[in-house]
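Notes follow once the structure below has been shown.
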Amino acid sequence: MIIVNNKSELWYNKICYKCAYGKNGFIKSKKEGDGCTPIGTFHINKLFFRKDRIKKIVTKIRTISTIKNMAWEDNPRKKNYNKLITLQKNFRRERLYRKDHLYDLVLVVEYNTKKIIKGKGSAIFIHIAKPKYKPTEGCIALTKKDFLNLLKKIKKKEKIKIIG
């Protein structure tokens, strides 16, 4: 199990990785746009990646190549809230195919994905960190090197426990 704490640490099998988390800390009752990382235990079972930027991935997790019109619906008023969507036009959504490198690797944290509650929070991922581990909007972020190292080690149906 992956464990994330409020010391900017992500632990897996006695290995500690420095990480970033939500700019407003951790919270048990997450709301869309609050800038917090949700507390709890969640499944991780799919990885999106930019195959034009990441040439080789060694992992047991199911991989999905990110394409230009992929996004994650982060509008609670939409029927596909907190789900992968295909953009038809240039709509404002959480685009997975970005100019920066933050989403070159994206592990989906299965937070609010089974029985989706609108407004409870969406698009909670593990992704690549900004320089100096700048805080996220609620995700967990690692360096690319640490992320690729972690991917080699985690199980096919891994869990993450965010304790804050």
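Residue names in the structure tokens use chain letters A, B, ... in the order shown, residue numbers from 1 in each chain, and ligand numbers from 1 in the order shown.
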Secondary structure check, strand (DSSP E) residues of region 42-136 of chain A, as a VMD selection string: chain A and resid 42 to 49 62 to 65 70 to 72 84 to 86 94 to 95 105 to 109 125 to 128
Helix (DSSP H, G or I) residues, from DSSP on the backbone, in chain A, as a count of residues only: 13
Shortest interatomic distance to Lys14 (chain A) - which of A:Arg95, A:Lys79, A:Lys153, A:Arg53, counting only C-alpha atoms: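 Of all the options, A:Lys153 lies closest to Lys14 (chain A).
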Could you give me, as a tab-separated table, every region 91-137 of chain A residue with an atom at most 7 Å from region 67-78 of chain A, plus its closest atom pair and distance in Å to one decimal, counting only C-alpha atoms, rows ordered by chain then number?
```
residue	atom	partner	partner_atom	distance
A:Arg93	CA	A:Glu73	CA	5.8
A:Glu94	CA	A:Trp72	CA	5.0
A:Arg95	CA	A:Ala71	CA	4.1
A:Leu96	CA	A:Ala71	CA	5.1
A:Tyr97	CA	A:Lys68	CA	5.3
A:Lys118	CA	A:Pro76	CA	4.9
A:Gly119	CA	A:Pro76	CA	5.1
A:Ser122	CA	A:Asp74	CA	5.7
A:Ala123	CA	A:Trp72	CA	6.3
```
For Lys145 (chain A): contacts at 12 Å, only C-alpha atoms, fewer than 3 positions along chain excluded, given as a list in words: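 Neighbouring residues, sequence-local ones excluded: Tyr17, Lys18, Cys19, Ile54, Ile57, Leu105, His127, Ile128, Ala129, Ala141, Leu142, Leu148, Asn149, Leu150, Leu151 and Lys152 of chain A.
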Can you write just those residues out, N, CA and C atoms, as a JSON list (two decimals), in the first residue's frame?
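As written to disk, result02.json reads:
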```
[["chain", "number", "residue", "atom", "x", "y", "z"],
["A", 17, "TYR", "N", 9.54, 8.66, -0.81],
["A", 17, "TYR", "CA", 9.69, 9.61, -1.92],
["A", 17, "TYR", "C", 9.15, 10.96, -1.45],
["A", 18, "LYS", "N", 9.84, 12.03, -1.79],
["A", 18, "LYS", "CA", 9.32, 13.37, -1.52],
["A", 18, "LYS", "C", 8.15, 13.61, -2.49],
["A", 19, "CYS", "N", 7.10, 14.27, -2.01],
["A", 19, "CYS", "CA", 5.94, 14.53, -2.87],
["A", 19, "CYS", "C", 5.32, 15.89, -2.54],
["A", 54, "ILE", "N", 7.21, 9.63, -22.90],
["A", 54, "ILE", "CA", 7.68, 8.54, -22.04],
["A", 54, "ILE", "C", 7.84, 7.31, -22.93],
["A", 57, "ILE", "N", 7.86, 2.28, -20.06],
["A", 57, "ILE", "CA", 7.28, 2.18, -18.72],
["A", 57, "ILE", "C", 7.31, 0.72, -18.31],
["A", 105, "LEU", "N", 2.67, 11.46, -16.96],
["A", 105, "LEU", "CA", 2.30, 10.25, -16.23],
["A", 105, "LEU", "C", 1.17, 10.61, -15.27],
["A", 127, "HIS", "N", 0.57, 12.65, -10.19],
["A", 127, "HIS", "CA", 1.16, 13.14, -11.45],
["A", 127, "HIS", "C", 2.55, 13.69, -11.19],
["A", 128, "ILE", "N", 3.17, 14.22, -12.22],
["A", 128, "ILE", "CA", 4.53, 14.75, -12.09],
["A", 128, "ILE", "C", 4.50, 16.11, -11.40],
["A", 129, "ALA", "N", 5.45, 16.29, -10.50],
["A", 129, "ALA", "CA", 5.52, 17.51, -9.68],
["A", 129, "ALA", "C", 6.02, 18.72, -10.47],
["A", 141, "ALA", "N", 1.93, 14.66, -6.16],
["A", 141, "ALA", "CA", 2.87, 14.83, -7.27],
["A", 141, "ALA", "C", 4.28, 14.40, -6.87],
["A", 142, "LEU", "N", 4.94, 13.71, -7.80],
["A", 142, "LEU", "CA", 6.29, 13.20, -7.63],
["A", 142, "LEU", "C", 7.18, 13.67, -8.77],
["A", 148, "LEU", "N", 8.56, 7.02, -12.06],
["A", 148, "LEU", "CA", 8.91, 5.83, -12.84],
["A", 148, "LEU", "C", 9.44, 4.73, -11.95],
["A", 149, "ASN", "N", 10.18, 5.08, -10.91],
["A", 149, "ASN", "CA", 10.69, 4.09, -9.96],
["A", 149, "ASN", "C", 9.54, 3.44, -9.20],
["A", 150, "LEU", "N", 8.59, 4.25, -8.74],
["A", 150, "LEU", "CA", 7.42, 3.72, -8.02],
["A", 150, "LEU", "C", 6.59, 2.80, -8.92],
["A", 151, "LEU", "N", 6.42, 3.18, -10.18],
["A", 151, "LEU", "CA", 5.62, 2.36, -11.11],
["A", 151, "LEU", "C", 6.19, 0.95, -11.27],
["A", 152, "LYS", "N", 7.50, 0.80, -11.20],
["A", 152, "LYS", "CA", 8.13, -0.51, -11.32],
["A", 152, "LYS", "C", 7.75, -1.41, -10.15]]
```
